[in-house]
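K.L.:
You'll find structure_0.cif just under this line, and it carries mmCIF, C-alpha atoms.
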data_entry
loop_
_atom_site.label_atom_id
_atom_site.label_comp_id
_atom_site.auth_asym_id
_atom_site.auth_seq_id
_atom_site.Cartn_x
_atom_site.Cartn_y
_atom_site.Cartn_z
CA MET V 290 91.08 150.88 100.86
CA ASN V 291 90.20 152.37 97.46
CA THR V 292 91.07 150.87 94.07
CA LEU V 293 94.21 153.02 93.61
CA ASN V 294 95.61 151.84 96.95
CA VAL V 295 94.90 148.20 96.07
CA VAL V 296 96.70 148.60 92.71
CA LEU V 297 99.67 150.31 94.43
CA PHE V 298 99.81 147.54 97.05
CA ILE V 299 99.79 144.81 94.36
CA LEU V 300 102.51 146.66 92.41
CA LEU V 301 104.59 146.95 95.58
CA VAL V 302 104.25 143.22 96.34
CA VAL V 303 105.09 142.27 92.73
CA GLY V 304 108.06 144.67 92.69
CA VAL V 305 109.51 143.41 95.97
CA SER V 306 108.97 139.77 94.89
CA ALA V 307 110.77 140.46 91.58
CA LEU V 308 113.70 142.11 93.39
CA VAL V 309 113.99 139.20 95.87
CA THR V 310 113.84 136.69 92.99
CA ILE V 311 116.55 138.52 91.01
CA ALA V 312 118.72 138.79 94.13
CA LEU V 313 118.33 135.04 94.83
CA ILE V 314 119.19 134.16 91.20
CA MET V 315 122.30 136.37 91.31
CA LEU V 316 123.31 134.91 94.69
CA SER V 317 122.83 131.32 93.46
CA ARG V 318 125.12 132.01 90.49
CA THR V 319 127.95 133.22 92.69
CA ASN V 320 127.41 130.99 95.74
CA HIS V 321 127.79 127.29 94.87
CA SER V 322 126.21 126.13 98.12
CA LEU V 323 122.89 127.60 96.95
CA LYS V 324 123.06 126.11 93.47
CA GLY V 325 122.31 122.41 93.09
CA GLU V 326 125.20 120.47 91.61
CA TYR V 327 124.48 117.26 89.73
CA ASP V 328 126.69 114.59 88.22
CA GLU V 329 126.42 113.43 84.61
CA ARG V 330 123.95 110.57 85.31
CA GLN V 331 121.72 112.86 87.36
CA GLN V 332 121.70 115.46 84.58
CA LEU V 333 120.74 112.78 82.07
CA MET V 334 117.92 111.54 84.30
CA LYS V 335 116.70 115.08 84.93
CA GLY V 336 116.55 115.53 81.16
CA LYS V 337 114.43 112.38 80.81
CA ALA V 338 112.17 113.54 83.65
CA PHE V 339 111.81 116.96 82.02
CA ARG V 340 110.83 115.35 78.70
CA ALA V 341 108.19 113.18 80.42
CA ALA V 342 106.83 116.24 82.26
CA PHE V 343 106.73 118.24 79.01
CA PHE V 344 104.67 115.59 77.24
CA THR V 345 102.40 115.22 80.28
CA GLY V 346 101.73 118.97 80.17
CA LEU V 347 101.12 118.76 76.42
CA GLY V 348 98.71 115.85 76.91
CA TYR V 349 96.86 117.73 79.65
CA SER V 350 96.53 120.84 77.44
CA LEU V 351 95.22 118.73 74.54
CA LEU V 352 92.72 116.98 76.84
CA VAL V 353 91.40 120.31 78.15
CA PHE V 354 91.24 121.63 74.56
CA LEU V 355 89.30 118.54 73.34
CA LEU V 356 86.89 118.72 76.28
CA ASP V 357 86.28 122.37 75.40
CA ILE V 358 85.63 121.48 71.75
CA VAL V 359 83.03 118.83 72.62
CA GLY V 360 81.37 121.31 74.97
CA CYS V 361 82.27 119.57 78.21
CA LYS V 362 82.60 122.36 80.74
CA ILE V 363 85.12 121.69 83.49
CA PRO V 364 83.78 123.27 86.70
CA MET V 365 87.01 125.15 87.47
CA GLU V 366 88.15 128.73 86.96
CA THR V 367 90.61 129.16 84.07
CA GLY V 368 93.53 130.09 86.32
CA LEU V 369 93.04 126.98 88.44
CA LEU V 370 92.76 124.80 85.33
CA VAL V 371 96.10 126.12 84.03
CA LEU V 372 97.77 125.77 87.44
CA THR V 373 96.54 122.18 87.80
CA GLY V 374 98.20 121.26 84.50
CA GLY V 375 101.45 122.87 85.63
CA MET V 376 101.35 121.09 88.97
CA ILE V 377 100.67 117.69 87.36
CA SER V 378 103.68 118.20 85.06
CA LEU V 379 105.79 119.28 88.02
CA VAL V 380 104.82 116.18 90.03
CA VAL V 381 105.73 113.96 87.04
CA TYR V 382 109.11 115.71 86.66
CA VAL V 383 110.01 115.57 90.34
CA THR V 384 108.77 111.99 90.83
CA ILE V 385 110.81 110.65 87.89
CA ALA V 386 113.86 112.61 89.06
CA ILE V 387 113.49 111.27 92.61
CA MET V 388 113.01 107.68 91.46
CA ASN V 389 116.28 107.98 89.52
CA ASP V 390 118.15 109.63 92.43
CA ALA V 391 118.52 112.80 90.41
CA TYR V 392 116.42 115.29 92.37
CA ILE V 393 118.69 116.02 95.31
CA GLY V 394 122.01 117.47 94.15
CA LEU V 395 125.47 116.49 95.33
CA ASN V 396 125.63 119.51 97.64
CA GLU V 397 122.08 119.20 98.98
CA LYS V 398 120.62 117.28 101.91
CA LEU V 399 117.36 115.37 102.16
CA GLY V 400 116.49 117.08 105.44
CA SER V 401 116.85 120.63 104.09
CA THR V 402 114.80 119.76 101.00
CA LEU V 403 112.02 118.27 103.14
CA GLY V 404 112.23 121.29 105.46
CA LEU V 405 111.73 123.64 102.51
CA PHE V 406 108.72 121.56 101.36
CA ALA V 407 107.29 121.69 104.91
CA VAL V 408 107.59 125.50 105.04
CA CYS V 409 105.94 125.82 101.59
CA GLY V 410 103.25 123.34 102.70
CA VAL V 411 102.42 125.36 105.82
CA MET V 412 102.37 128.58 103.75
CA ASN V 413 99.73 126.97 101.52
CA ILE V 414 97.64 125.09 104.06
CA ILE V 415 97.02 128.19 106.24
CA PRO V 416 95.24 130.17 103.47
CA ALA V 417 93.44 126.96 102.44
CA ILE V 418 92.03 126.50 105.96
CA THR V 419 91.10 130.21 106.06
CA ASN V 420 89.23 129.79 102.77
CA ILE V 421 87.37 126.72 104.05
CA ARG V 422 86.24 128.68 107.14
CA SER V 423 85.13 131.66 105.04
CA GLY V 424 82.80 129.73 102.78
CA GLY V 425 84.74 127.09 100.89
CA PHE V 426 86.15 126.90 97.39
CA VAL V 427 83.01 126.61 95.25
CA LYS V 428 81.26 129.68 93.88
CA ASN V 429 78.27 129.34 91.52
CA GLY V 430 79.09 125.66 91.03
CA VAL V 431 82.67 126.43 89.90
CA LEU V 432 85.86 125.64 91.80
CA THR V 433 87.55 128.99 92.42
CA ASN V 434 91.22 129.96 92.15
CA SER V 435 91.47 129.89 95.95
CA PHE V 436 91.63 126.08 95.65
CA ALA V 437 95.16 126.55 94.25
CA ASN V 438 96.62 126.38 97.77
CA VAL V 439 95.10 122.92 98.27
CA ILE V 440 96.51 121.71 94.93
CA ILE V 441 100.00 123.03 95.77
CA PHE V 442 99.81 121.48 99.25
CA ALA V 443 98.76 118.13 97.74
CA MET V 444 101.64 118.34 95.25
CA LEU V 445 104.15 119.05 98.03
CA PHE V 446 102.73 116.19 100.10
CA ILE V 447 103.02 113.72 97.19
CA ILE V 448 106.58 114.82 96.38
CA SER V 449 107.65 114.63 100.05
CA ALA V 450 106.13 111.15 100.40
CA VAL V 451 107.93 109.91 97.25
CA LEU V 452 111.18 111.46 98.49
CA VAL V 453 110.94 109.83 101.93
CA ILE V 454 109.91 106.42 100.53
CA LYS V 455 112.70 106.45 97.93
CA HIS V 456 115.48 107.58 100.25
CA CYS V 457 114.51 105.73 103.41
CA VAL V 458 113.18 102.46 102.01
CA MET V 459 114.56 101.80 98.53
CA ASN V 460 118.10 103.11 99.05
CA ARG V 461 118.40 101.03 102.23
CA GLY V 462 117.95 97.96 100.01
CA GLU V 463 120.70 99.22 97.67
CA GLU V 464 123.11 99.68 100.57
CA SER V 465 122.60 96.10 101.68
CA ASP V 466 123.28 95.00 98.05
CA GLU V 467 126.62 96.78 98.30
CA GLU V 468 127.69 94.59 101.21
CA SER V 469 127.00 91.34 99.31
CA MET L 243 125.66 93.57 82.50
CA LYS L 244 127.23 94.03 85.92
CA ASN L 245 130.65 95.67 86.12
CA LEU L 246 132.25 93.37 88.67
CA LYS L 247 135.73 94.73 87.85
CA VAL L 248 134.92 98.14 89.31
CA LYS L 249 133.31 96.53 92.35
CA ALA L 250 136.30 94.25 92.91
CA ALA L 251 138.83 97.08 92.45
CA ARG L 252 136.87 99.26 94.87
CA ALA L 253 136.71 96.47 97.44
CA GLY L 254 140.44 95.87 96.89
CA LYS L 255 141.11 99.49 97.86
CA ASP L 256 138.79 99.07 100.87
CA LEU L 257 136.55 101.88 99.66
CA SER L 258 132.79 102.05 100.02
CA GLN L 259 130.59 103.26 97.16
CA ASP L 260 130.18 106.49 99.07
CA ASP L 261 133.97 106.97 99.42
CA LEU L 262 134.54 106.36 95.70
CA ALA L 263 131.64 108.66 94.84
CA LYS L 264 133.16 111.47 96.90
CA ILE L 265 136.58 111.03 95.25
CA CYS L 266 135.01 111.09 91.77
CA GLN L 267 132.59 113.90 92.71
CA VAL L 268 129.47 111.96 91.77
CA SER L 269 126.57 110.56 93.78
CA ARG L 270 126.76 107.16 95.49
CA GLN L 271 123.81 106.06 93.36
CA THR L 272 125.85 106.76 90.21
CA ILE L 273 128.65 104.44 91.39
CA ASN L 274 126.00 101.87 92.32
CA ALA L 275 124.41 102.19 88.84
CA ILE L 276 127.82 101.72 87.15
CA GLU L 277 128.57 98.59 89.20
CA LYS L 278 125.12 97.18 88.49
CA GLY L 279 125.57 97.91 84.78
CA ASP L 280 122.56 100.24 84.72
CA TYR L 281 124.58 103.26 83.57
CA ASN L 282 127.41 103.65 81.06
CA PRO L 283 129.70 106.41 82.37
CA SER L 284 131.32 109.03 80.16
CA ILE L 285 135.03 108.67 79.38
CA LYS L 286 135.69 111.55 81.81
CA LEU L 287 134.06 109.65 84.68
CA CYS L 288 135.74 106.37 83.65
CA ILE L 289 139.12 108.11 83.90
CA ALA L 290 138.21 109.58 87.30
CA ILE L 291 137.25 106.11 88.59
CA CYS L 292 140.45 104.58 87.18
CA LYS L 293 142.60 107.25 88.83
CA ALA L 294 140.79 106.78 92.16
CA LEU L 295 141.31 103.02 92.04
CA ASP L 296 144.85 103.09 90.53
CA LYS L 297 143.72 101.07 87.52
CA THR L 298 143.76 101.56 83.76
CA LEU L 299 140.73 101.91 81.51
CA ASP L 300 141.47 98.44 80.13
CA ASP L 301 141.51 96.97 83.64
CA LEU L 302 138.07 98.26 84.55
CA PHE L 303 136.10 98.92 81.40
CA TRP L 304 137.42 96.70 78.60
CA GLU L 305 135.31 93.62 77.99
CA GLU L 306 137.27 90.49 77.08
#
Can the structure from this file be put into structure tokens for me?
P.N.:
Amino acid sequence: MNTLNVVLFILLVVGVSALVTIALIMLSRTNHSLKGEYDERQQLMKGKAFRAAFFTGLGYSLLVFLLDIVGCKIPMETGLLVLTGGMISLVVYVTIAIMNDAYIGLNEKLGSTLGLFAVCGVMNIIPAITNIRSGGFVKNGVLTNSFANVIIFAMLFIISAVLVIKHCVMNRGEESDEES
Amino acid sequence: MKNLKVKAARAGKDLSQDDLAKICQVSRQTINAIEKGDYNPSIKLCIAICKALDKTLDDLFWEE
């Protein structure tokens, strides 16, 4: 495959992905079953979670910036470094939202959310295993962008664990409070 | 501070937190948070709860 074919293939993938994304956004605006609905307390809690995630991302960026200034080289490729910051912020956002019962909307089910996470997890763990078999993630002493799949898988695993613990353990306690 | 008036009115109507939540179109956890005093609902939600429980705002949300 020559360079032109590779570029055309990438453009095709990006184009199709963009079309699918736009179609899903348009569908979610017209079909309420696809759009998460949240009550006023959940929206408030999501706002608080978003603020915490924003400041976590800001803190991470400042830390990376300061480490760069003092000459401390982080052995990661730039893309992976940026993605890690995004994923940390995302985990903070989702964890706070889950702990305040604000992540799963009124029209959503725990099972379908966990199912979606499982599918995304499998889609990330397969390329990660393939990368491990074909020589690992380190190249010239630097963690390569191919490690992104492992980071995303870890994020999904953490979020799923928090979701299961919160809904199956903590909410059971609340239900028994209701009886008293 | 716990809102025992909402809890008592709900129990009086023989409704669970989940039932009341469905009537008011909020999550069960939101009703639980209101009863525990962890969340102050908006006037819109207060009215919805009052209508669901056949009570007035004074009955459920006015502190003596």
K.L.:
Quick check: residues of chain V within 7 Å of chain L, all atoms listed in the file, returned as a list of chain:residue names.
P.N.:
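In the required form, that comes to V:Asp328, V:Arg330, V:Asp390, V:Leu395.
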K.L.:
V:Gly430: which residues within 12 Å, counting all atoms listed in the file, same-chain residues fewer than 2 positions away excluded, as a list of chain:residue names?
P.N.:
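Those residues are V:Lys362, V:Ile363, V:Pro364, V:Met365, V:Glu366, V:Gly425, V:Phe426, V:Val427, V:Lys428, V:Leu432, V:Thr433.
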K.L.:
Selection from above, C-alpha atoms, as an mmCIF file, in the frame of the given file, can you write it?
P.N.:
data_model
loop_
_atom_site.group_PDB
_atom_site.id
_atom_site.type_symbol
_atom_site.label_atom_id
_atom_site.label_comp_id
_atom_site.auth_asym_id
_atom_site.auth_seq_id
_atom_site.Cartn_x
_atom_site.Cartn_y
_atom_site.Cartn_z
ATOM 1 C CA LYS V 362 82.600 122.360 80.740
ATOM 2 C CA ILE V 363 85.120 121.690 83.490
ATOM 3 C CA PRO V 364 83.780 123.270 86.700
ATOM 4 C CA MET V 365 87.010 125.150 87.470
ATOM 5 C CA GLU V 366 88.150 128.730 86.960
ATOM 6 C CA GLY V 425 84.740 127.090 100.890
ATOM 7 C CA PHE V 426 86.150 126.900 97.390
ATOM 8 C CA VAL V 427 83.010 126.610 95.250
ATOM 9 C CA LYS V 428 81.260 129.680 93.880
ATOM 10 C CA LEU V 432 85.860 125.640 91.800
ATOM 11 C CA THR V 433 87.550 128.990 92.420
#
K.L.:
Considering all atoms listed in the file, return as a PDB file with C-alpha atoms, in the coordinates of the input whatever protein or nucleic-acid residues lie within 12 Å of L:Lys247, sequence-local ones (same chain, fewer than 4 positions apart) excluded.
P.N.:
ATOM      1  CA  MET L 243     125.660  93.570  82.500  1.00  0.00           C
ATOM      2  CA  ALA L 251     138.830  97.080  92.450  1.00  0.00           C
ATOM      3  CA  ARG L 252     136.870  99.260  94.870  1.00  0.00           C
ATOM      4  CA  ALA L 253     136.710  96.470  97.440  1.00  0.00           C
ATOM      5  CA  GLY L 254     140.440  95.870  96.890  1.00  0.00           C
ATOM      6  CA  ILE L 276     127.820 101.720  87.150  1.00  0.00           C
ATOM      7  CA  GLU L 277     128.570  98.590  89.200  1.00  0.00           C
ATOM      8  CA  LYS L 278     125.120  97.180  88.490  1.00  0.00           C
ATOM      9  CA  GLY L 279     125.570  97.910  84.780  1.00  0.00           C
ATOM     10  CA  ILE L 291     137.250 106.110  88.590  1.00  0.00           C
ATOM     11  CA  CYS L 292     140.450 104.580  87.180  1.00  0.00           C
ATOM     12  CA  LEU L 295     141.310 103.020  92.040  1.00  0.00           C
ATOM     13  CA  LYS L 297     143.720 101.070  87.520  1.00  0.00           C
ATOM     14  CA  THR L 298     143.760 101.560  83.760  1.00  0.00           C
ATOM     15  CA  LEU L 299     140.730 101.910  81.510  1.00  0.00           C
ATOM     16  CA  ASP L 300     141.470  98.440  80.130  1.00  0.00           C
ATOM     17  CA  ASP L 301     141.510  96.970  83.640  1.00  0.00           C
ATOM     18  CA  LEU L 302     138.070  98.260  84.550  1.00  0.00           C
ATOM     19  CA  PHE L 303     136.100  98.920  81.400  1.00  0.00           C
ATOM     20  CA  TRP L 304     137.420  96.700  78.600  1.00  0.00           C
ATOM     21  CA  GLU L 305     135.310  93.620  77.990  1.00  0.00           C
ATOM     22  CA  GLU L 306     137.270  90.490  77.080  1.00  0.00           C
TER      23      GLU L 306
END
K.L.:
How far is it from atom CA of V:Met412 to atom CA of V:Glu326, in Å with one decimal?
P.N.:
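Pair atom CA of V:Met412 / atom CA of V:Glu326 returns 27.1 Å.
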K.L.:
Could you list, as a VMD selection string, every residue within 12 Å of stretch 441-446 of chain V, counting all atoms listed in the file and ignoring same-chain residues fewer than 4 positions away?
P.N.:
chain V and resid 369 372 to 384 402 to 418 434 to 437 450 to 453
K.L.:
How many Å separate atom CA of V:Asn396 from atom CA of V:Gly325?
P.N.:
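Pair atom CA of V:Asn396 / atom CA of V:Gly325 returns 6.3 Å.
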K.L.:
What is the atom CA of L:Asp280-atom CA of L:Lys244 distance in Å, reported with one decimal?
P.N.:
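Between atom CA of L:Asp280 and atom CA of L:Lys244 the gap works out to 7.9 Å.
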K.L.:
Extending 8 Å beyond the listed atoms of stretch 368-373 of chain V on each side, what axis-aligned box results? I want centre and edge lengths in Å to one decimal, as JSON.
P.N.:
{"center_x": 95.3, "center_y": 126.1, "center_z": 86.2, "size_x": 21.0, "size_y": 23.9, "size_z": 20.4}
